[in-house]
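Report on the following structure.
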Amino acid sequence: MNRLASVPLDTAVSAPAPVHAGAAVVRLTLTDFRCYARLRLDPEATSAVLTGPNGAGKTNLLEALSYLAPGRGLRRARLGDPDRRLPDGSVAGRWSAAIVISTGGDCVTIGTGHEIDGEGQTNGRRIVRRDGAPLSAHRDLAALAAVVWLTPDMDGLFRDGAAGRRAFLDRLVCGFAAEHAGEVAAYQHCLRERARLLAEKAGDATWLDALEDGMARHGVAVAAARLAAVARLDRATRAGIGPFPSARLEMAGEIEDWLQRMPALAAEDKLRAALAAGRDMDAATGGAAVGPHRADLVVFFAGRDVPAVQCSTGEQKALLLSIVLAHARELAAERGTPPIMLLDEVVAHLDGARRAALFDEIAALGAQAWLTGTDDELFAGLRSRARFFRVLDATVTPR
Amino acid sequence: MTGPEIERLIQLLARLPGLGPRSARRAALHLLKRREVLFLPLVEAMTAAASSVRTCSVCGNLDSCDPCTICANPKRDPSQICVVEEIADLWAIERSAAFRGRYHVLGGVLSALDGVGPDDLSIAALVRRAGDPAMKEIILATNATVEGQTTAHYVVDRLAGLPVRVTRLAHGLPVGGELDYLDDGTLAAALQSRRAISSAGGGG
């Protein structure tokens with residue numbers, strides 16, 4: 001029988017674990033995760049502030065929490081990447097994380113890590129368990145609690161390629177529609193299979209028909225879910241949140257255009273036909289000229305109506321935060337519980353007014369936020385509303 | 001530590017699915033300690049199976065006779081074929097005792113990334129069987145995975161033009177399942193596959 005990598009017993013930090021009214025992490029237990037050999041953290045308050053010098057292990061804690069969302073976490077890590085390493089680079093142990101979350105009074109334990117076979121070896125897959133029972137699909141996590149994050153790696157979101165923006169948007173969409181992750185995965189699977197067949201020039205037309213049918217069905221579902229989510233976020237961000245800039249959001253893409261003009265079934269037929277007609281060109285270019293993998297999320301600074309990419313770095317960060325806060329508001333309105341927010345080094349780049357507004361917004365939403373930074377003073381406005389931890393050399397101590 | 005015979009036994013056991021070296025050592029020891037009641041009967045059973053079990057030339061099932069017991073059974077409806085990916089799926093449907101027709105084992109699913117194409121599956125044989133004038137229905141029982149559905153779509157296309165009804169297993173509400181616990185996709189599939197239980201105005 002497969003089991004999870006060993007569950008840690010010792011505690012580096014221990015405190016009672018009260019049940020939070022909204023969706024909130026009440027206990028995080030790590031074993032051999034990045035720099036942490038063993039750690040147990042019981043955040044007492046609604047939000048947690050983690051401060052410490054660079055390289056102390058703050059982001060590692062947020063990464064562990066990001067495994068509450070379907071996918072590969074905020075670093076998009078491969079399975080073995082979070083394994084704790086010895087100085088010589090060898091693996092000290094296979095990682096596991098157990099996260100207890102409270103949702104409306106009930107406590108649920110999500111365990112994740114390497115799936116370990118009867119020989120004590122990893123079988124190369126990640127297992128996710130809910131209260132000890134394996135989840136059949138990681139995407140089922142999305143139905144339990146929504147998790148969103150902002151990290152310094154996302155600073156270039158508006159500047160870099162569209163793939164990053166699509167991945168960002170898809171995470172937001174999963175909060176609204178848990179099945180979205182499955183649709184995206186199914187579409188990408190069919191896309192890869194078709195590309196392989198076209199590259200080998202070995203697939204018969206009927207096989208390609210079957211794959212293109214899958215691309216059409218799943219692809220239009222993906223595009224429709226993105227469109228619906230962007231429309232909601234656009235409305236919410238235009239309303240503005242305190243001193244954060246208003247944003248205007250649009251989806252740019254062929255399938256998205258079709259969906260504005262025709263029913264979804266007609267868009268499926270059109271995509272099916274376009275894919276069939278484009279086989280020769282796609283074989284030459286190694287992809288697919290049309291499909292939701294070509295779409296882009298376009299964001300404008302609403303006040304001046306300029307594309308986000310032309311805004312200053314500070315404005316881009318503020319726009320990103322506007323979208324994340326708008327998403328949190330929409331989720332709170334729809335699900336009754338706001339998402340768990342992982343905000344890595346976000347506060348340092350905000351001026352005093354926006355910092356205060358962010359803290360107020362988190363409190364108004366009733367969201368649990370995990371914030372990191374190097375300087376305690378930046379979080380003074382949260383002093384009575386969050387629990388503070390000092391992170392130093394892979395140990396975490398309450399302030 | 002042990003003689004070459006035992007080491008060889010352990011090595012071979014370790015190649016079985018689900019067993020690694022440690023489990024194989026445990027299994028070998030268990031067999032050796034129960035030589036009369038387990039080990040020798042197991043050896044006999046394995047020898048007999050290895051020499052007599054073959055793949056059914058009609059449906060792809062495993063049996064000691066060819067055609068297999070199901071294909072040769074005159075009580076099984078020859079006008080219905082249930083198409084499955086693997087023999088394990090055939091066994092699962094047989095356990096349900098809900099199907100009295102015959103089977104066709106594809107031997108896998110289409111997967112370009114794994115190098116499995118139509119010629120690697122028993123699709124041409126299925127098309128030949130479906131072309132029998134006595135054939136009435138082909139039931140596709142591939143898994144509800146992306147690969148399973150792609151393969152089902154491919155098979156449907158290959159069967160197009162034949163005077164045979166092609167159906168697939170319903171997707172939706174599991175027996176004993178509660179709506180509240182179903183994911184949106186399954187619930188949507190259940191709604192799509194709904195079935196009439198009374199005609200309009202005829203319910204009273």
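How things are named: the first chain in the structure tokens is A, the next is B, and so on; residues count from 1 in each chain; ligands count from 1 in the order shown.
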Exercise for review: Up to 7 Å from chain B, what residues of chain A turn up? Count only C-alpha atoms and give them as a VMD selection string.
Suggested key: chain A and resid 119 179 186 193 196 to 197 206 to 207 210 to 211 214
Would you mind exporting C-alpha atoms of the selected residues as a PDB file, in the first residue's frame?
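Dumped to out_9.pdb:
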ATOM      1  CA  GLU A 119       9.990  -0.461  -0.156  1.00  0.00           C
ATOM      2  CA  GLU A 179     -13.049  21.869 -12.627  1.00  0.00           C
ATOM      3  CA  ALA A 186      -7.095  17.650 -20.632  1.00  0.00           C
ATOM      4  CA  GLU A 193      -0.547  14.281 -28.365  1.00  0.00           C
ATOM      5  CA  ARG A 196       3.591  14.489 -31.473  1.00  0.00           C
ATOM      6  CA  LEU A 197       1.452  12.833 -34.128  1.00  0.00           C
ATOM      7  CA  THR A 206      -9.066   9.615 -37.761  1.00  0.00           C
ATOM      8  CA  TRP A 207      -6.703   9.708 -34.781  1.00  0.00           C
ATOM      9  CA  ALA A 210     -10.262  12.296 -32.155  1.00  0.00           C
ATOM     10  CA  LEU A 211      -7.572  14.487 -30.587  1.00  0.00           C
ATOM     11  CA  GLY A 214     -10.846  16.691 -27.372  1.00  0.00           C
TER      12      GLY A 214
END
Point to revise | Who sits within 12 Å of Glu7 of chain B, only C-alpha atoms, same chain under 5 positions skipped, as a ChimeraX atom specification | key: /B:1-2,12-14,21,24-25,28-29
Review point. Which residues in segment 3-202 of chain B does DSSP call alpha helix (DSSP H)? List them as an MDAnalysis selection string.
Key: chainID B and resid 4:13 21:33 40:52 69:72 87:96 123:130 146:159 184:192
Point to revise | Who sits within 8 Å of segment 297-300 of chain A, only C-alpha atoms, same chain under 2 positions skipped, as a list in words | key: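 Near neighbours after the sequence-gap exclusion: Phe158, Ala162, Arg165, Arg166, Leu169, Ala247, Arg248, Leu249, Glu250, Met251, Ala252, Ala295, Ala302, Asp305, Val306, Pro307 and Ala308 of chain A.
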Those residues you just picked out, can you put them in a file as a tab-separated table (two decimals), in the first residue's frame with all heavy atoms?
chain	number	residue	atom	x	y	z
A	158	PHE	N	3.53	41.26	-16.42
A	158	PHE	CA	2.99	42.00	-17.55
A	158	PHE	C	4.02	42.18	-18.67
A	158	PHE	O	3.67	42.41	-19.81
A	158	PHE	CB	2.49	43.38	-17.10
A	158	PHE	CG	1.38	43.30	-16.08
A	158	PHE	CD1	1.50	43.90	-14.84
A	158	PHE	CD2	0.23	42.59	-16.37
A	158	PHE	CE1	0.48	43.81	-13.90
A	158	PHE	CE2	-0.80	42.48	-15.43
A	158	PHE	CZ	-0.67	43.09	-14.20
A	162	ALA	N	3.09	35.53	-22.59
A	162	ALA	CA	1.68	35.33	-22.26
A	162	ALA	C	1.46	34.06	-21.42
A	162	ALA	O	0.46	33.98	-20.70
A	162	ALA	CB	0.85	35.27	-23.54
A	165	ARG	N	1.01	34.80	-17.81
A	165	ARG	CA	-0.28	35.45	-17.51
A	165	ARG	C	-1.42	34.44	-17.58
A	165	ARG	O	-2.36	34.49	-16.79
A	165	ARG	CB	-0.52	36.62	-18.50
A	165	ARG	CG	0.34	37.84	-18.20
A	165	ARG	CD	-0.02	39.01	-19.11
A	165	ARG	NE	0.38	38.81	-20.49
A	165	ARG	CZ	1.61	38.98	-20.97
A	165	ARG	NH1	2.56	39.38	-20.16
A	165	ARG	NH2	1.88	38.78	-22.24
A	166	ARG	N	-1.33	33.51	-18.53
A	166	ARG	CA	-2.39	32.49	-18.61
A	166	ARG	C	-2.37	31.62	-17.35
A	166	ARG	O	-3.42	31.29	-16.79
A	166	ARG	CB	-2.21	31.61	-19.85
A	166	ARG	CG	-2.63	32.25	-21.15
A	166	ARG	CD	-2.74	31.21	-22.25
A	166	ARG	NE	-1.47	30.53	-22.51
A	166	ARG	CZ	-0.54	30.95	-23.34
A	166	ARG	NH1	-0.74	32.05	-24.04
A	166	ARG	NH2	0.59	30.28	-23.51
A	169	LEU	N	-3.84	33.59	-14.54
A	169	LEU	CA	-5.29	33.68	-14.68
A	169	LEU	C	-5.95	32.33	-14.36
A	169	LEU	O	-6.98	32.28	-13.67
A	169	LEU	CB	-5.65	34.12	-16.10
A	169	LEU	CG	-7.14	34.15	-16.43
A	169	LEU	CD1	-7.88	35.15	-15.53
A	169	LEU	CD2	-7.38	34.50	-17.89
A	247	ALA	N	-8.05	48.63	-12.53
A	247	ALA	CA	-7.52	47.94	-13.70
A	247	ALA	C	-8.66	47.58	-14.64
A	247	ALA	O	-9.79	47.37	-14.22
A	247	ALA	CB	-6.79	46.67	-13.26
A	248	ARG	N	-8.31	47.56	-15.92
A	248	ARG	CA	-9.27	47.07	-16.92
A	248	ARG	C	-8.69	45.79	-17.49
A	248	ARG	O	-7.51	45.75	-17.89
A	248	ARG	CB	-9.47	48.12	-18.01
A	248	ARG	CG	-10.47	47.72	-19.07
A	248	ARG	CD	-10.98	48.97	-19.81
A	248	ARG	NE	-9.94	49.62	-20.61
A	248	ARG	CZ	-9.53	49.21	-21.80
A	248	ARG	NH1	-10.07	48.14	-22.35
A	248	ARG	NH2	-8.59	49.86	-22.46
A	249	LEU	N	-9.49	44.72	-17.48
A	249	LEU	CA	-8.98	43.42	-17.91
A	249	LEU	C	-9.73	42.95	-19.15
A	249	LEU	O	-10.95	43.11	-19.24
A	249	LEU	CB	-9.18	42.36	-16.80
A	249	LEU	CG	-8.18	42.34	-15.66
A	249	LEU	CD1	-8.39	43.52	-14.72
A	249	LEU	CD2	-8.30	41.05	-14.88
A	250	GLU	N	-8.97	42.38	-20.07
A	250	GLU	CA	-9.58	41.82	-21.28
A	250	GLU	C	-8.89	40.50	-21.62
A	250	GLU	O	-7.73	40.30	-21.27
A	250	GLU	CB	-9.37	42.76	-22.48
A	250	GLU	CG	-10.19	44.01	-22.46
A	250	GLU	CD	-9.86	44.93	-23.64
A	250	GLU	OE1	-9.06	44.50	-24.51
A	250	GLU	OE2	-10.38	46.05	-23.66
A	251	MET	N	-9.61	39.65	-22.32
A	251	MET	CA	-8.98	38.45	-22.87
A	251	MET	C	-8.76	38.71	-24.35
A	251	MET	O	-9.68	39.14	-25.06
A	251	MET	CB	-9.88	37.22	-22.72
A	251	MET	CG	-9.82	36.52	-21.38
A	251	MET	SD	-8.17	36.10	-20.82
A	251	MET	CE	-7.68	34.80	-21.94
A	252	ALA	N	-7.56	38.45	-24.83
A	252	ALA	CA	-7.28	38.57	-26.25
A	252	ALA	C	-7.03	37.17	-26.80
A	252	ALA	O	-6.14	36.47	-26.31
A	252	ALA	CB	-6.05	39.45	-26.48
A	295	ALA	N	-4.10	32.42	-26.18
A	295	ALA	CA	-4.79	33.58	-25.62
A	295	ALA	C	-3.88	34.37	-24.68
A	295	ALA	O	-2.84	33.87	-24.24
A	295	ALA	CB	-6.04	33.13	-24.88
A	302	ALA	N	-6.52	51.49	-15.59
A	302	ALA	CA	-7.81	52.05	-16.03
A	302	ALA	C	-7.83	53.57	-16.03
A	302	ALA	O	-8.40	54.19	-16.93
A	302	ALA	CB	-8.93	51.49	-15.17
A	305	ASP	N	-5.78	54.54	-18.96
A	305	ASP	CA	-6.05	53.64	-20.08
A	305	ASP	C	-4.79	53.31	-20.87
A	305	ASP	O	-4.77	53.34	-22.10
A	305	ASP	CB	-7.12	54.23	-21.01
A	305	ASP	CG	-7.90	53.11	-21.70
A	305	ASP	OD1	-8.04	52.03	-21.08
A	305	ASP	OD2	-8.34	53.29	-22.84
A	306	VAL	N	-3.72	53.01	-20.15
A	306	VAL	CA	-2.49	52.55	-20.82
A	306	VAL	C	-2.26	51.09	-20.44
A	306	VAL	O	-2.63	50.66	-19.34
A	306	VAL	CB	-1.26	53.40	-20.43
A	306	VAL	CG1	-1.39	54.81	-20.93
A	306	VAL	CG2	-1.05	53.36	-18.93
A	307	PRO	N	-1.66	50.32	-21.36
A	307	PRO	CA	-1.39	48.91	-21.03
A	307	PRO	C	-0.47	48.81	-19.81
A	307	PRO	O	0.43	49.64	-19.63
A	307	PRO	CB	-0.70	48.38	-22.28
A	307	PRO	CG	-1.05	49.33	-23.38
A	307	PRO	CD	-1.24	50.66	-22.72
A	308	ALA	N	-0.70	47.78	-19.00
A	308	ALA	CA	0.08	47.62	-17.78
A	308	ALA	C	1.57	47.57	-18.07
A	308	ALA	O	2.38	48.07	-17.28
A	308	ALA	CB	-0.36	46.34	-17.06
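A straight line drawn from atom CA of Leu191 of chain B to atom CA of Ala228 of chain A is 21.9 Å long.
Computed from the coordinates, the atom CA of Pro245 of chain A to atom CA of Phe379 of chain A distance equals 21.5 Å.
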Exercise for review: Tell me which protein, DNA and RNA residues are within 7 Å of segment 166-171 of chain B, counting only C-alpha atoms, leaving out same-chain ones fewer than 2 positions away, and put them as number ranges by chain.
Suggested key: B: 137-141, 164, 189-190, 193
Once you have the residues from the selection above, write them out as an mmCIF file, in the first residue's frame, restricted to N, CA and C atoms.
data_model
loop_
_atom_site.group_PDB
_atom_site.id
_atom_site.type_symbol
_atom_site.label_atom_id
_atom_site.label_comp_id
_atom_site.auth_asym_id
_atom_site.auth_seq_id
_atom_site.Cartn_x
_atom_site.Cartn_y
_atom_site.Cartn_z
ATOM 1 N N GLU B 137 -24.988 -4.143 -31.738
ATOM 2 C CA GLU B 137 -24.554 -3.028 -30.881
ATOM 3 C C GLU B 137 -23.102 -3.190 -30.431
ATOM 4 N N ILE B 138 -22.381 -2.088 -30.494
ATOM 5 C CA ILE B 138 -21.015 -2.030 -29.947
ATOM 6 C C ILE B 138 -21.064 -1.061 -28.763
ATOM 7 N N ILE B 139 -20.719 -1.554 -27.589
ATOM 8 C CA ILE B 139 -20.752 -0.712 -26.383
ATOM 9 C C ILE B 139 -19.308 -0.317 -26.033
ATOM 10 N N LEU B 140 -19.029 0.967 -26.062
ATOM 11 C CA LEU B 140 -17.668 1.410 -25.737
ATOM 12 C C LEU B 140 -17.560 1.609 -24.230
ATOM 13 N N ALA B 141 -16.674 0.834 -23.621
ATOM 14 C CA ALA B 141 -16.486 0.910 -22.162
ATOM 15 C C ALA B 141 -15.048 1.310 -21.847
ATOM 16 N N VAL B 164 -24.455 -0.694 -37.473
ATOM 17 C CA VAL B 164 -24.411 -1.176 -36.094
ATOM 18 C C VAL B 164 -24.594 0.017 -35.161
ATOM 19 N N ALA B 189 -22.158 15.820 -16.325
ATOM 20 C CA ALA B 189 -22.251 14.624 -17.174
ATOM 21 C C ALA B 189 -23.513 13.841 -16.842
ATOM 22 N N ALA B 190 -23.864 13.777 -15.560
ATOM 23 C CA ALA B 190 -25.064 13.053 -15.145
ATOM 24 C C ALA B 190 -26.313 13.727 -15.704
ATOM 25 N N SER B 193 -26.602 13.012 -19.378
ATOM 26 C CA SER B 193 -26.968 11.617 -19.672
ATOM 27 C C SER B 193 -28.269 11.229 -18.990
#
Exercise for review: Skip segment 76-88 of chain B itself and residues of its chain fewer than 6 positions away, then list as JSON, numbers by chain all residues within 6 Å of it, counting only C-alpha atoms.
Suggested key: {"B": [100, 101, 102, 103, 104, 105, 106, 107, 108, 134, 135, 136, 137, 138, 139, 140, 141, 142]}
Review point. If we count only C-alpha atoms, what is near segment 21-31 of chain A at a cut-off of 7 Å, once residues fewer than 6 positions away on the same chain are taken out, given as a PyMOL selection string?
Key: chain A and resi 7-8+37-44+95-105+145+337-340+366+368
Next, dump the selected residues to file, keeping only N, CA, C and O atoms, as an mmCIF file, in the first residue's frame.
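This went into part_34.cif:
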data_model
loop_
_atom_site.group_PDB
_atom_site.id
_atom_site.type_symbol
_atom_site.label_atom_id
_atom_site.label_comp_id
_atom_site.auth_asym_id
_atom_site.auth_seq_id
_atom_site.Cartn_x
_atom_site.Cartn_y
_atom_site.Cartn_z
ATOM 1 N N VAL A 7 5.521 11.351 8.560
ATOM 2 C CA VAL A 7 4.924 12.551 9.147
ATOM 3 C C VAL A 7 5.762 12.977 10.344
ATOM 4 O O VAL A 7 6.120 12.159 11.174
ATOM 5 N N PRO A 8 6.125 14.219 10.398
ATOM 6 C CA PRO A 8 7.002 14.665 11.470
ATOM 7 C C PRO A 8 6.325 14.627 12.844
ATOM 8 O O PRO A 8 5.130 14.806 12.959
ATOM 9 N N ALA A 37 14.257 20.561 8.330
ATOM 10 C CA ALA A 37 14.287 19.126 8.621
ATOM 11 C C ALA A 37 12.946 18.730 9.224
ATOM 12 O O ALA A 37 12.290 17.795 8.769
ATOM 13 N N ARG A 38 12.546 19.457 10.242
ATOM 14 C CA ARG A 38 11.237 19.255 10.854
ATOM 15 C C ARG A 38 10.730 20.578 11.379
ATOM 16 O O ARG A 38 11.474 21.340 11.970
ATOM 17 N N LEU A 39 9.449 20.805 11.145
ATOM 18 C CA LEU A 39 8.877 22.056 11.627
ATOM 19 C C LEU A 39 7.398 21.863 11.895
ATOM 20 O O LEU A 39 6.701 21.221 11.121
ATOM 21 N N ARG A 40 6.939 22.390 12.981
ATOM 22 C CA ARG A 40 5.492 22.473 13.206
ATOM 23 C C ARG A 40 5.175 23.906 13.592
ATOM 24 O O ARG A 40 5.768 24.469 14.497
ATOM 25 N N LEU A 41 4.254 24.476 12.854
ATOM 26 C CA LEU A 41 3.910 25.877 13.040
ATOM 27 C C LEU A 41 2.403 25.974 13.234
ATOM 28 O O LEU A 41 1.637 25.430 12.441
ATOM 29 N N ASP A 42 2.004 26.643 14.306
ATOM 30 C CA ASP A 42 0.573 26.798 14.588
ATOM 31 C C ASP A 42 0.219 28.273 14.575
ATOM 32 O O ASP A 42 0.325 28.943 15.600
ATOM 33 N N PRO A 43 -0.193 28.798 13.434
ATOM 34 C CA PRO A 43 -0.512 30.223 13.386
ATOM 35 C C PRO A 43 -1.803 30.487 14.164
ATOM 36 O O PRO A 43 -2.845 29.926 13.852
ATOM 37 N N GLU A 44 -1.695 31.341 15.124
ATOM 38 C CA GLU A 44 -2.812 31.524 16.049
ATOM 39 C C GLU A 44 -3.817 32.538 15.509
ATOM 40 O O GLU A 44 -5.025 32.384 15.682
ATOM 41 N N TRP A 95 10.541 14.974 1.001
ATOM 42 C CA TRP A 95 9.713 15.960 1.682
ATOM 43 C C TRP A 95 8.275 15.499 1.865
ATOM 44 O O TRP A 95 7.759 14.698 1.095
ATOM 45 N N SER A 96 7.654 16.023 2.893
ATOM 46 C CA SER A 96 6.208 15.897 3.057
ATOM 47 C C SER A 96 5.713 17.117 3.816
ATOM 48 O O SER A 96 6.466 17.755 4.553
ATOM 49 N N ALA A 97 4.457 17.441 3.586
ATOM 50 C CA ALA A 97 3.839 18.578 4.277
ATOM 51 C C ALA A 97 2.441 18.172 4.710
ATOM 52 O O ALA A 97 1.720 17.537 3.945
ATOM 53 N N ALA A 98 2.118 18.463 5.945
ATOM 54 C CA ALA A 98 0.753 18.230 6.437
ATOM 55 C C ALA A 98 0.192 19.583 6.851
ATOM 56 O O ALA A 98 0.809 20.299 7.655
ATOM 57 N N ILE A 99 -0.932 19.938 6.273
ATOM 58 C CA ILE A 99 -1.505 21.258 6.509
ATOM 59 C C ILE A 99 -2.918 21.081 7.029
ATOM 60 O O ILE A 99 -3.762 20.483 6.352
ATOM 61 N N VAL A 100 -3.154 21.566 8.233
ATOM 62 C CA VAL A 100 -4.511 21.501 8.798
ATOM 63 C C VAL A 100 -5.186 22.823 8.492
ATOM 64 O O VAL A 100 -4.664 23.887 8.840
ATOM 65 N N ILE A 101 -6.325 22.760 7.816
ATOM 66 C CA ILE A 101 -7.050 24.003 7.552
ATOM 67 C C ILE A 101 -8.434 23.909 8.175
ATOM 68 O O ILE A 101 -9.020 22.834 8.278
ATOM 69 N N SER A 102 -8.894 25.055 8.613
ATOM 70 C CA SER A 102 -10.265 25.107 9.133
ATOM 71 C C SER A 102 -11.117 25.807 8.096
ATOM 72 O O SER A 102 -10.714 26.813 7.520
ATOM 73 N N THR A 103 -12.265 25.216 7.804
ATOM 74 C CA THR A 103 -13.215 25.848 6.889
ATOM 75 C C THR A 103 -14.566 25.849 7.589
ATOM 76 O O THR A 103 -15.177 24.804 7.744
ATOM 77 N N GLY A 104 -14.945 27.011 8.028
ATOM 78 C CA GLY A 104 -16.247 27.143 8.677
ATOM 79 C C GLY A 104 -16.408 26.266 9.902
ATOM 80 O O GLY A 104 -17.480 25.711 10.128
ATOM 81 N N GLY A 105 -15.362 26.093 10.658
ATOM 82 C CA GLY A 105 -15.472 25.340 11.901
ATOM 83 C C GLY A 105 -14.959 23.916 11.806
ATOM 84 O O GLY A 105 -14.561 23.325 12.799
ATOM 85 N N ALA A 145 -10.369 24.862 -0.540
ATOM 86 C CA ALA A 145 -9.971 26.225 -0.181
ATOM 87 C C ALA A 145 -9.243 26.840 -1.364
ATOM 88 O O ALA A 145 -8.496 26.154 -2.057
ATOM 89 N N THR A 337 -16.143 32.350 1.812
ATOM 90 C CA THR A 337 -14.827 32.384 2.457
ATOM 91 C C THR A 337 -13.820 32.953 1.471
ATOM 92 O O THR A 337 -13.788 32.530 0.315
ATOM 93 N N PRO A 338 -13.007 33.881 1.901
ATOM 94 C CA PRO A 338 -11.988 34.438 1.008
ATOM 95 C C PRO A 338 -10.848 33.430 0.827
ATOM 96 O O PRO A 338 -10.762 32.447 1.567
ATOM 97 N N PRO A 339 -9.997 33.642 -0.161
ATOM 98 C CA PRO A 339 -8.873 32.722 -0.345
ATOM 99 C C PRO A 339 -7.798 32.936 0.718
ATOM 100 O O PRO A 339 -7.762 33.989 1.364
ATOM 101 N N ILE A 340 -6.965 31.948 0.885
ATOM 102 C CA ILE A 340 -5.766 32.115 1.701
ATOM 103 C C ILE A 340 -4.761 32.843 0.806
ATOM 104 O O ILE A 340 -4.534 32.438 -0.339
ATOM 105 N N GLY A 366 -11.648 39.228 5.921
ATOM 106 C CA GLY A 366 -11.561 38.102 6.857
ATOM 107 C C GLY A 366 -10.642 37.034 6.324
ATOM 108 O O GLY A 366 -10.762 35.854 6.662
ATOM 109 N N GLN A 368 -7.141 34.947 5.605
ATOM 110 C CA GLN A 368 -5.869 34.667 6.245
ATOM 111 C C GLN A 368 -4.776 34.993 5.237
ATOM 112 O O GLN A 368 -4.759 34.428 4.142
#
Check your understanding: Please, what distance in Å, to one decimal, runs between atom CA of Arg383 of chain A and atom CA of Ala348 of chain A?
Key ->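 So the two atoms, atom CA of Arg383 of chain A and atom CA of Ala348 of chain A, lie 16.2 Å apart.
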Check your understanding: If you run DSSP on the backbone, which residues of chain B are strand (DSSP E or B), as a VMD selection string?
Key -> chain B and resid 54 to 55 62 to 63 80 to 84 102 to 105 111 116 137 to 140 165 to 168
**Study point:** Among the residues A:Met154, A:Val347, A:Leu79, A:Val324, the one that comes closest to Arg125 of chain A [using only C-alpha atoms]
**Key:**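 Of A:Met154, A:Val347, A:Leu79, A:Val324, the one nearest Arg125 of chain A, counting only C-alpha atoms, is A:Leu79.
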Exercise for review: Might you pull out every residue within 10 Å of Ala356 of chain A, with only C-alpha atoms counted and same-chain residues fewer than 6 positions away left off, and present them as a list in words?
Suggested key: Gly242, Pro243, Val347, Leu350, Leu378, Phe379, Ala380, Gly381 and Leu382 of chain A
Please write the residues from the selection above to a file, keeping C-alpha atoms, as a PDB file, in the first residue's frame.
ATOM      1  CA  GLY A 242      -8.788  52.077  -1.722  1.00  0.00           C
ATOM      2  CA  PRO A 243      -5.622  53.661  -3.061  1.00  0.00           C
ATOM      3  CA  VAL A 347       4.687  44.960   1.428  1.00  0.00           C
ATOM      4  CA  LEU A 350       4.115  49.628  -1.178  1.00  0.00           C
ATOM      5  CA  LEU A 378       6.729  47.505   7.737  1.00  0.00           C
ATOM      6  CA  PHE A 379       4.059  45.363   9.369  1.00  0.00           C
ATOM      7  CA  ALA A 380       3.405  47.627  12.325  1.00  0.00           C
ATOM      8  CA  GLY A 381      -0.136  48.199  11.045  1.00  0.00           C
ATOM      9  CA  LEU A 382      -0.867  44.507  11.511  1.00  0.00           C
TER      10      LEU A 382
END
Practice item. Return the single residue from B:Ala188, B:Ala50, B:Val116, B:Leu159 that is closest to Gly172 of chain B, with distances computed using only C-alpha atoms. Key: B:Ala188
